[in-house]
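Asks: You'll find target_8.cif just under this line, and it carries mmCIF, C-alpha atoms and all ligand atoms.
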```cif
data_start
loop_
_atom_site.label_atom_id
_atom_site.label_comp_id
_atom_site.auth_asym_id
_atom_site.auth_seq_id
_atom_site.Cartn_x
_atom_site.Cartn_y
_atom_site.Cartn_z
CA MET A 870 -25.46 14.90 8.79
CA LYS A 871 -22.02 13.20 8.73
CA ASN A 872 -22.00 9.41 8.60
CA PHE A 873 -19.36 7.34 10.29
CA ALA A 874 -18.46 3.71 10.97
CA ILE A 875 -16.41 1.58 13.34
CA ILE A 876 -13.99 -1.01 11.94
CA GLY A 877 -12.97 -3.71 14.42
CA PHE A 878 -15.57 -4.33 17.11
CA GLY A 879 -13.68 -6.05 19.92
CA GLY A 880 -12.70 -4.52 23.27
CA LEU A 881 -11.75 -1.05 22.06
CA GLY A 882 -14.25 -0.90 19.19
CA LYS A 883 -17.05 -1.53 21.69
CA THR A 884 -15.58 0.95 24.20
CA HIS A 885 -15.53 3.66 21.52
CA PHE A 886 -19.02 2.66 20.39
CA LEU A 887 -20.60 3.58 23.74
CA ASN A 888 -18.80 6.93 23.84
CA LEU A 889 -19.72 7.64 20.24
CA LEU A 890 -23.40 6.99 20.96
CA LYS A 891 -23.23 9.64 23.71
CA ILE A 892 -21.53 12.15 21.40
CA GLU A 893 -24.01 11.33 18.62
CA LYS A 894 -26.88 12.16 21.02
CA GLU A 895 -25.23 15.39 22.21
CA ARG A 896 -24.29 16.73 18.77
CA LYS A 897 -27.13 15.46 16.57
CA ASP A 898 -25.08 16.15 13.39
CA ILE A 899 -23.25 12.80 13.18
CA ARG A 900 -24.66 9.32 12.68
CA LEU A 901 -23.13 5.89 13.17
CA SER A 902 -24.34 4.08 10.07
CA ALA A 903 -22.24 0.91 9.97
CA ILE A 904 -20.04 -1.47 11.94
CA CYS A 905 -17.47 -3.85 10.48
CA ASN A 906 -16.03 -6.84 12.31
CA ALA A 907 -14.39 -10.13 11.30
CA ASP A 908 -17.54 -11.95 12.39
CA ILE A 909 -21.06 -10.55 12.68
CA GLU A 910 -22.16 -12.76 15.61
CA SER A 911 -19.79 -11.21 18.15
CA ILE A 912 -20.84 -7.62 17.29
CA THR A 913 -23.88 -7.66 19.58
CA LYS A 914 -22.15 -9.40 22.49
CA SER A 915 -21.14 -7.57 25.67
CA ILE A 916 -17.46 -7.94 26.50
CA LYS A 917 -15.22 -7.94 29.56
CA ILE A 918 -11.79 -6.40 29.00
CA ASN A 919 -8.99 -5.31 31.32
CA LEU A 920 -10.51 -1.78 31.32
CA GLY A 921 -13.85 -3.13 32.64
CA ASN A 922 -17.16 -4.43 31.26
CA VAL A 923 -18.67 -3.11 28.04
CA ASN A 924 -22.39 -3.83 28.36
CA LEU A 925 -24.30 -3.89 25.06
CA ASP A 926 -27.47 -5.60 26.36
CA ASP A 927 -29.76 -2.61 25.69
CA ILE A 928 -28.45 -1.72 22.24
CA ASP A 929 -30.65 -2.05 19.16
CA PHE A 930 -28.18 -3.15 16.48
CA SER A 931 -30.85 -3.24 13.75
CA ARG A 932 -30.12 0.50 13.28
CA TYR A 933 -26.68 -0.29 11.83
CA ASN A 934 -25.53 -1.93 8.62
CA LEU A 935 -23.16 -4.73 9.61
CA TYR A 936 -20.19 -5.84 7.49
CA THR A 937 -17.28 -8.25 7.66
CA ASP A 938 -15.36 -6.49 4.85
CA TYR A 939 -14.45 -2.83 5.33
CA LYS A 940 -13.84 -2.34 1.59
CA GLU A 941 -17.42 -3.36 0.85
CA MET A 942 -18.57 -1.06 3.66
CA VAL A 943 -16.64 1.93 2.29
CA ALA A 944 -18.11 1.25 -1.19
CA LYS A 945 -21.71 0.99 0.03
CA GLU A 946 -21.88 3.57 2.83
CA ASP A 947 -21.46 7.30 2.37
CA LEU A 948 -18.86 7.71 5.12
CA ASP A 949 -17.21 10.90 6.33
CA PHE A 950 -15.04 9.25 8.98
CA VAL A 951 -14.18 5.91 10.55
CA PHE A 952 -12.83 4.66 13.86
CA ILE A 953 -10.38 1.81 13.38
CA ALA A 954 -9.97 -0.54 16.33
CA LEU A 955 -8.54 -3.50 14.45
CA PRO A 956 -5.58 -5.56 15.64
CA THR A 957 -2.52 -3.34 15.10
CA TYR A 958 -1.11 -5.16 12.03
CA LEU A 959 -4.27 -4.11 10.13
CA HIS A 960 -4.24 -0.41 11.06
CA CYS A 961 -2.10 0.65 8.11
CA GLU A 962 -3.92 -1.18 5.32
CA ALA A 963 -7.37 -0.15 6.59
CA ALA A 964 -6.33 3.47 7.27
CA VAL A 965 -4.64 3.89 3.88
CA TYR A 966 -7.64 2.32 2.11
CA CYS A 967 -10.12 4.64 3.85
CA LEU A 968 -7.99 7.76 3.33
CA GLU A 969 -7.53 6.93 -0.36
CA HIS A 970 -11.32 6.62 -0.63
CA GLY A 971 -11.90 10.06 0.86
CA VAL A 972 -12.70 9.01 4.45
CA ASN A 973 -11.13 10.69 7.52
CA VAL A 974 -9.47 8.20 9.88
CA TYR A 975 -9.12 7.83 13.62
CA THR A 976 -7.10 4.75 14.49
CA GLU A 977 -6.27 3.19 17.81
CA LYS A 978 -2.74 3.24 19.17
CA PRO A 979 -0.16 2.01 18.40
CA MET A 980 -0.16 3.68 15.00
CA ALA A 981 1.17 0.59 13.14
CA ILE A 982 3.65 -2.25 13.50
CA THR A 983 6.49 -0.75 11.42
CA LEU A 984 7.76 2.79 10.86
CA THR A 985 7.30 2.31 7.10
CA GLN A 986 3.60 1.63 7.70
CA CYS A 987 3.35 4.81 9.82
CA GLU A 988 4.89 6.74 6.94
CA GLN A 989 2.47 5.18 4.43
CA MET A 990 -0.45 6.30 6.61
CA MET A 991 0.90 9.86 6.87
CA ASP A 992 1.50 9.99 3.10
CA ALA A 993 -2.04 8.78 2.37
CA ALA A 994 -3.45 11.47 4.69
CA LYS A 995 -1.36 14.14 3.02
CA LYS A 996 -2.27 13.07 -0.52
CA SER A 997 -5.98 12.75 0.23
CA GLY A 998 -6.22 15.94 2.28
CA LYS A 999 -8.16 13.90 4.86
CA LYS A 1000 -7.50 13.86 8.59
CA LEU A 1001 -5.63 11.14 10.45
CA MET A 1002 -5.48 10.82 14.22
CA VAL A 1003 -3.99 8.13 16.45
CA GLY A 1004 -5.64 7.61 19.83
CA GLN A 1005 -2.77 7.97 22.29
CA CYS A 1006 -5.20 7.93 25.19
CA LEU A 1007 -2.82 9.01 27.99
CA ARG A 1008 -2.72 12.48 26.44
CA PHE A 1009 -6.41 12.72 27.41
CA THR A 1010 -6.06 11.22 30.90
CA GLY A 1011 -6.25 13.51 33.95
CA GLU A 1012 -3.02 12.54 35.70
CA TYR A 1013 -1.00 12.94 32.49
CA GLU A 1014 -2.81 16.17 31.52
CA LEU A 1015 -1.61 17.50 34.89
CA LEU A 1016 2.01 16.71 33.96
CA LYS A 1017 1.58 18.47 30.63
CA GLU A 1018 0.24 21.54 32.42
CA LEU A 1019 3.12 21.55 34.92
CA THR A 1020 5.83 21.14 32.28
CA GLU A 1021 4.29 23.96 30.25
CA ASN A 1022 3.41 26.47 32.99
CA GLY A 1023 6.62 25.95 34.99
CA LYS A 1024 4.71 26.16 38.30
CA TYR A 1025 7.29 23.94 40.04
CA GLY A 1026 10.26 24.84 37.86
CA LYS A 1027 11.96 22.65 35.29
CA PRO A 1028 11.51 18.86 35.11
CA ILE A 1029 14.80 17.28 36.23
CA LYS A 1030 14.04 13.55 36.11
CA ALA A 1031 11.06 11.32 35.40
CA GLU A 1032 10.13 7.69 35.78
CA PHE A 1033 7.17 6.00 34.05
CA TYR A 1034 6.10 2.39 34.49
CA ARG A 1035 3.35 0.08 33.22
CA ARG A 1036 3.08 -3.57 34.21
CA SER A 1037 0.58 -6.31 33.46
CA ALA A 1038 0.11 -10.04 33.39
CA LEU A 1039 0.64 -11.62 29.99
CA PRO A 1040 -2.34 -10.44 27.83
CA THR A 1041 -3.91 -13.70 26.66
CA TRP A 1042 -7.41 -12.34 25.90
CA SER A 1043 -7.19 -10.93 22.35
CA PHE A 1044 -8.94 -12.11 19.16
CA ASP A 1045 -6.93 -15.06 17.76
CA ASN A 1046 -4.29 -14.20 20.41
CA TRP A 1047 -2.90 -11.53 18.02
CA LEU A 1048 -1.58 -9.44 20.92
CA LEU A 1049 1.11 -12.00 21.82
CA LYS A 1050 2.40 -12.29 18.24
CA ASP A 1051 5.20 -9.87 17.47
CA ASP A 1052 4.30 -9.66 13.77
CA LYS A 1053 0.71 -8.70 14.65
CA SER A 1054 1.01 -6.40 17.67
CA GLY A 1055 4.70 -5.46 17.74
CA SER A 1056 4.63 -7.09 21.20
CA CYS A 1057 4.84 -5.24 24.51
CA ILE A 1058 7.44 -2.76 23.26
CA VAL A 1059 5.14 -1.44 20.50
CA ASP A 1060 1.78 -2.11 22.13
CA MET A 1061 2.27 -1.05 25.77
CA HIS A 1062 5.66 0.67 26.02
CA VAL A 1063 4.39 3.12 23.36
CA HIS A 1064 2.08 4.73 25.95
CA ASP A 1065 4.89 5.98 28.17
CA VAL A 1066 7.27 6.75 25.31
CA ASP A 1067 4.48 8.91 23.91
CA GLN A 1068 4.22 10.68 27.27
CA MET A 1069 7.94 11.34 27.30
CA VAL A 1070 7.93 12.74 23.75
CA TRP A 1071 4.77 14.79 24.39
CA LEU A 1072 6.13 16.26 27.65
CA PHE A 1073 9.86 16.63 27.07
CA GLY A 1074 10.39 16.20 23.32
CA ALA A 1075 12.13 13.35 21.49
CA PRO A 1076 15.17 12.00 23.36
CA ASP A 1077 18.73 12.95 22.37
CA THR A 1078 20.09 9.70 23.78
CA CYS A 1079 18.52 6.34 24.58
CA MET A 1080 19.70 3.11 26.22
CA THR A 1081 17.29 0.21 26.10
CA MET A 1082 17.11 -3.48 26.88
CA SER A 1083 14.28 -5.98 26.44
CA THR A 1084 13.69 -9.49 27.72
CA HIS A 1085 12.32 -12.26 25.47
CA GLN A 1086 11.56 -15.03 27.95
CA MET A 1087 7.78 -15.72 27.66
CA VAL A 1088 7.25 -13.99 24.28
CA ASP A 1089 9.36 -11.62 22.14
CA TYR A 1090 9.93 -8.25 23.84
CA GLU A 1091 7.77 -9.01 26.90
CA SER A 1092 9.56 -6.30 28.92
CA THR A 1093 11.58 -3.21 28.09
CA TYR A 1094 13.81 -1.17 30.41
CA SER A 1095 14.92 2.17 28.96
CA LEU A 1096 16.88 5.25 29.97
CA TYR A 1097 16.78 8.50 27.96
CA LYS A 1098 17.93 12.10 28.03
CA CYS A 1099 15.47 14.62 26.59
CA GLY A 1100 17.19 18.00 26.63
CA GLU A 1101 18.11 18.39 30.32
CA THR A 1102 15.57 15.84 31.60
CA VAL A 1103 16.63 12.27 32.47
CA VAL A 1104 13.80 9.76 31.88
CA MET A 1105 13.41 6.09 32.79
CA ILE A 1106 10.62 3.88 31.41
CA LEU A 1107 9.89 0.36 32.62
CA THR A 1108 7.30 -1.68 30.74
CA ASP A 1109 6.48 -5.31 31.40
CA TRP A 1110 3.73 -7.68 30.37
CA GLY A 1111 5.73 -10.77 31.22
CA ILE A 1112 4.27 -11.08 34.73
CA HIS A 1113 2.49 -14.09 36.19
CA SER A 1114 -1.24 -14.28 35.59
CA SER A 1115 -2.52 -13.29 39.06
CA PHE A 1116 -0.73 -9.92 38.88
CA PRO A 1117 -3.15 -6.92 38.47
CA PHE A 1118 -2.44 -4.12 35.95
CA ARG A 1119 -0.29 -1.38 37.53
CA TYR A 1120 0.93 1.92 36.13
CA GLY A 1121 2.29 5.24 37.32
CA TYR A 1122 4.96 7.87 37.21
CA SER A 1123 7.12 10.07 39.39
CA VAL A 1124 8.47 13.35 38.05
CA THR A 1125 10.92 15.53 39.96
CA PHE A 1126 10.57 19.22 39.16
CA GLU A 1127 12.89 21.80 40.73
CA ASP A 1128 10.27 22.60 43.41
CA ALA A 1129 8.09 19.48 43.68
CA TYR A 1130 8.03 15.72 43.35
CA VAL A 1131 4.83 14.58 41.60
CA VAL A 1132 3.86 10.95 42.03
CA SER A 1133 1.02 9.00 40.38
CA ARG A 1134 0.22 5.43 41.41
CA ASP A 1135 -2.72 3.72 39.68
CA GLY A 1136 -4.65 6.98 39.38
CA LYS A 1137 -3.83 8.47 42.83
CA ILE A 1138 -1.64 11.57 42.60
CA THR A 1139 0.41 13.27 45.30
CA VAL A 1140 2.52 16.41 45.02
CA TYR A 1141 5.38 16.56 47.53
CA THR A 1142 7.00 19.96 48.18
CA ASN A 1143 9.26 21.31 50.93
CA ASP A 1144 6.09 22.81 52.48
CA GLY A 1145 4.16 19.55 52.62
CA ALA A 1146 2.28 17.07 50.46
CA PHE A 1147 -1.19 17.29 48.90
CA GLU A 1148 -3.43 15.62 46.35
CA PRO A 1149 -4.03 18.00 43.41
CA GLU A 1150 -7.27 18.43 41.46
CA ILE A 1151 -7.05 16.76 38.09
CA ASN A 1152 -9.24 17.00 34.97
CA GLY A 1153 -12.07 14.52 35.05
CA GLY A 1154 -13.74 12.82 32.12
CA ASP A 1155 -13.17 9.56 30.33
CA CYS A 1156 -10.00 9.62 28.20
CA TYR A 1157 -11.61 7.61 25.38
CA HIS A 1158 -14.57 9.99 25.25
CA LYS A 1159 -12.24 13.00 25.16
CA GLU A 1160 -10.02 11.60 22.41
CA VAL A 1161 -12.79 10.59 20.02
CA ASN A 1162 -14.44 13.95 20.67
CA GLU A 1163 -11.23 15.78 19.67
CA PHE A 1164 -11.23 13.82 16.40
CA ILE A 1165 -14.90 14.59 15.68
CA GLU A 1166 -14.38 18.29 16.43
CA ALA A 1167 -11.41 18.33 14.04
CA VAL A 1168 -13.27 16.54 11.24
CA VAL A 1169 -16.75 18.02 11.59
CA ASP A 1170 -16.07 21.47 13.09
CA GLY A 1171 -12.65 22.05 11.48
CA LYS A 1172 -10.93 22.60 14.84
CA PRO A 1173 -7.15 21.99 15.01
CA PHE A 1174 -5.85 18.88 16.78
CA LYS A 1175 -4.68 20.44 20.03
CA THR A 1176 -3.65 17.24 21.79
CA ALA A 1177 -2.95 14.46 19.31
CA ASP A 1178 -1.19 16.02 16.36
CA ILE A 1179 -0.08 13.19 14.04
CA SER A 1180 3.49 14.47 13.59
CA SER A 1181 4.19 14.20 17.33
CA VAL A 1182 2.79 10.64 17.39
CA TYR A 1183 5.14 9.84 14.49
CA GLU A 1184 8.07 11.08 16.66
CA THR A 1185 6.93 8.61 19.33
CA MET A 1186 6.86 5.76 16.84
CA LYS A 1187 10.38 6.62 15.63
CA VAL A 1188 11.66 6.20 19.20
CA VAL A 1189 9.79 2.93 19.74
CA PHE A 1190 11.02 1.29 16.53
CA LYS A 1191 14.58 2.44 17.21
CA GLU A 1192 14.36 0.82 20.65
CA LYS A 1193 12.95 -2.33 19.09
CA GLU A 1194 15.97 -2.57 16.83
CA ILE A 1195 18.44 -1.87 19.69
CA SER A 1196 16.89 -4.44 22.03
CA LYS A 1197 16.13 -7.28 19.64
CA LYS A 1198 16.81 -10.89 20.62
CA LYS A 1199 20.43 -11.80 19.88
N1 LIG B 1201 -5.94 2.89 23.96
C1 LIG B 1201 -5.97 1.84 24.73
O1 LIG B 1201 -5.93 1.94 25.95
C2 LIG B 1201 -6.10 0.49 24.11
C3 LIG B 1201 -6.48 -0.61 24.90
C4 LIG B 1201 -6.63 -1.84 24.27
C5 LIG B 1201 -6.39 -1.97 22.90
N2 LIG B 1201 -6.00 -0.88 22.18
C6 LIG B 1201 -5.73 -1.01 20.73
O2 LIG B 1201 -6.96 -1.16 20.03
C7 LIG B 1201 -6.78 -2.03 18.91
C8 LIG B 1201 -7.79 -3.17 19.02
O3 LIG B 1201 -7.52 -3.87 20.22
P1 LIG B 1201 -8.67 -4.71 20.96
O4 LIG B 1201 -8.15 -4.98 22.34
O5 LIG B 1201 -9.99 -4.08 20.79
O6 LIG B 1201 -8.59 -6.08 20.11
P2 LIG B 1201 -9.66 -7.23 20.03
O7 LIG B 1201 -8.93 -8.45 19.65
O8 LIG B 1201 -10.53 -7.23 21.24
O9 LIG B 1201 -10.60 -6.75 18.83
C9 LIG B 1201 -10.20 -6.69 17.50
C10 LIG B 1201 -11.47 -6.89 16.64
O10 LIG B 1201 -11.12 -6.75 15.27
C11 LIG B 1201 -11.85 -7.71 14.54
N3 LIG B 1201 -11.14 -8.00 13.29
C12 LIG B 1201 -10.00 -8.70 13.11
N4 LIG B 1201 -9.64 -8.71 11.81
C13 LIG B 1201 -10.60 -8.00 11.15
C14 LIG B 1201 -10.80 -7.64 9.80
N5 LIG B 1201 -9.92 -7.99 8.85
N6 LIG B 1201 -11.90 -6.92 9.48
C15 LIG B 1201 -12.78 -6.54 10.42
N7 LIG B 1201 -12.64 -6.84 11.73
C16 LIG B 1201 -11.56 -7.56 12.08
C17 LIG B 1201 -11.97 -8.92 15.45
O11 LIG B 1201 -13.10 -9.69 15.10
C18 LIG B 1201 -12.10 -8.27 16.82
O12 LIG B 1201 -13.45 -8.14 17.21
C19 LIG B 1201 -5.32 -2.48 18.95
O13 LIG B 1201 -4.53 -1.72 18.09
C20 LIG B 1201 -4.90 -2.23 20.40
O14 LIG B 1201 -3.53 -1.98 20.56
C21 LIG B 1201 -5.87 0.33 22.75
#
```
As structure tokens, please, write out the structure in this file.
Replies:
Amino acid sequence: MKNFAIIGFGGLGKTHFLNLLKIEKERKDIRLSAICNADIESITKSIKINLGNVNLDDIDFSRYNLYTDYKEMVAKEDLDFVFIALPTYLHCEAAVYCLEHGVNVYTEKPMAITLTQCEQMMDAAKKSGKKLMVGQCLRFTGEYELLKELTENGKYGKPIKAEFYRRSALPTWSFDNWLLKDDKSGSCIVDMHVHDVDQMVWLFGAPDTCMTMSTHQMVDYESTYSLYKCGETVVMILTDWGIHSSFPFRYGYSVTFEDAYVVSRDGKITVYTNDGAFEPEINGGDCYHKEVNEFIEAVVDGKPFKTADISSVYETMKVVFKEKEISKKK
């Protein structure tokens, strides 16, 4: 039996918790033994986040050892792996600590708030021989899995140009409002823009050229407009969380292949060809369930990371931090 824990039990920690309980039931060879959060009281509370409601009403938390200090938890529990869903500025210190103490680490995206921190995490994984994965969830999401398939199988020819966008009202719901503080979240450019940059790198490789501009009106880096060339593919990414509060979250892409134009708008996908338009079948399944499952299969069953290899996530972070430097407030 492999024991594991969750560190950081807010919106994403609780989302992972419910998926992990399902996987625990299916596999029967892993056991959630402990949960760590800044305060114990909020652990048992259901939560409403922008992804929906996380209902914990029927959960018996007496089965778990609860901690406020992950170092104490690592010392007292016999852990094989942890899921880190802390505010981003804490990913590096918690991941490095766990790796150095022989514990495999899954951490939420974005990997960390500086490139140096990303490198420290990779070094700690290498030195410890333990596994490190970053949950870039779009890689596990049906409409993006379709793009990966099409760029790899060449069904519609080469990708010529691509546009990705992600827009939201200002996120004012996080613990201690850490999300709006650049030194804690990296702001929109690191927190939200990273999703589509990761798609670009995953699909087309790291860009050869990049032009980027950010605005800094409501908070630092609330929006980023970027243009890239990845090999022969021209890519545009628009990310914005500086929108007025009544605006609903919106995301999508359009990719022009030689023989088709593939458009995704808030989960609805259409393929336009010269012979007509249709809605393709896409992989089902919850992206968060799929990503934590890939980590567990890597750690417990020794399977390779087929989707979220850490070196490709590092390439993503290199692009993001370069853009941050280029588009800083003058
Ligand atoms: N993949 C996605 O789609 C997605 C969506 C939202 C958030 N995230 C990422 O998940 C991470 C967590 O975000 P969230 O929205 O769950 O944040 P959150 O503010 O809801 O939760 C963070 C939790 O960490 C706890 N915490 C803070 N400091 C701590 C400490 N020192 N020790 C123990 N616990 C501590 C807080 O009590 C809180 O419950 C972030 O990196 C964020 O970018 C990813």
Asks: Could you tell me, counting all atoms listed in the file, which protein and nucleic acid residues lie no more than 6 Å from ligand LIG 1201 (chain B), written as an MDAnalysis selection string?
Replies: chainID A and resid 876:882 905:908 937:938 954:957 977:979 1006 1043:1044 1060
Asks: So how many Å separate atom CA of Asn1046 of chain A and atom CA of His960 of chain A, to one decimal?
Replies: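 Those two atoms sit 16.7 Å apart.
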Asks: Closest to His970 of chain A among A:Phe1147, A:Phe950, A:Tyr1025, A:Phe886, using all atoms listed in the file?
Replies: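 Using all atoms listed in the file, the shortest distance to His970 of chain A belongs to A:Phe950.
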Asks: Met1087 of chain A: which residues within 9 Å, counting all atoms listed in the file, same-chain residues fewer than 3 positions away excluded, as a PyMOL selection string?
Replies: chain A and resi 1039+1084+1090-1091+1111
Asks: Using only C-alpha atoms, which residues sit within 9 Å of Ile1195 of chain A once same-chain residues fewer than 4 positions away are excluded, as a list in words?
Replies: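 Within the cut-off, the hits are Met1080, Thr1081, Met1082, Ser1083, Phe1190 and Lys1191 of chain A.
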Asks: Would you list the contacts of segment 1155-1159 of chain A as a list in words, taking every protein, DNA or RNA residue within 10 Å and counting all atoms listed in the file, but skipping same-chain residues closer than 2 positions in sequence?
Replies: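 The contact residues come out as Leu881, Thr884, His885, Phe886, Leu887, Asn888, Leu889, Lys891, Ile892, Gly1004, Gln1005, Cys1006, Leu1007, Arg1008, Phe1009, Thr1010, Gly1011, Asn1152, Gly1153, Val1161, Asn1162, Glu1163, Phe1164 and Ile1165 of chain A.
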Asks: Work out how far atom CA of Thr976 of chain A is from atom CA of Ala963 of chain A, in Å to one decimal.
Replies: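 So the two atoms, atom CA of Ala963 of chain A and atom CA of Thr976 of chain A, lie 9.3 Å apart.
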Asks: Would you work out the distance separating atom CA of Glu988 of chain A from atom CA of Val1059 of chain A, expressed in Å to one decimal?
Replies: 15.8 Å
Asks: Which residue is closest to Lys1000 of chain A? Choose from A:Gly1100, A:Gly971, A:Pro1028, A:Pro1117 and count only C-alpha atoms.
Replies: A:Gly971
Asks: If you count all atoms listed in the file, which residues fall within 10 Å of Tyr1183 of chain A, apart from same-chain ones fewer than 6 positions away, as a ChimeraX atom specification?
Replies: /A:980,984,987-988,991,1003,1067,1189
Asks: For Asp949 of chain A, find every residue with an atom within 6 Å (counting only C-alpha atoms), except residues of its own chain fewer than 6 positions away, and show them as a list in words.
Replies: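 Residues near the query, excluding close chain neighbours: Lys871, Asn872, Phe873 and Val972 of chain A.
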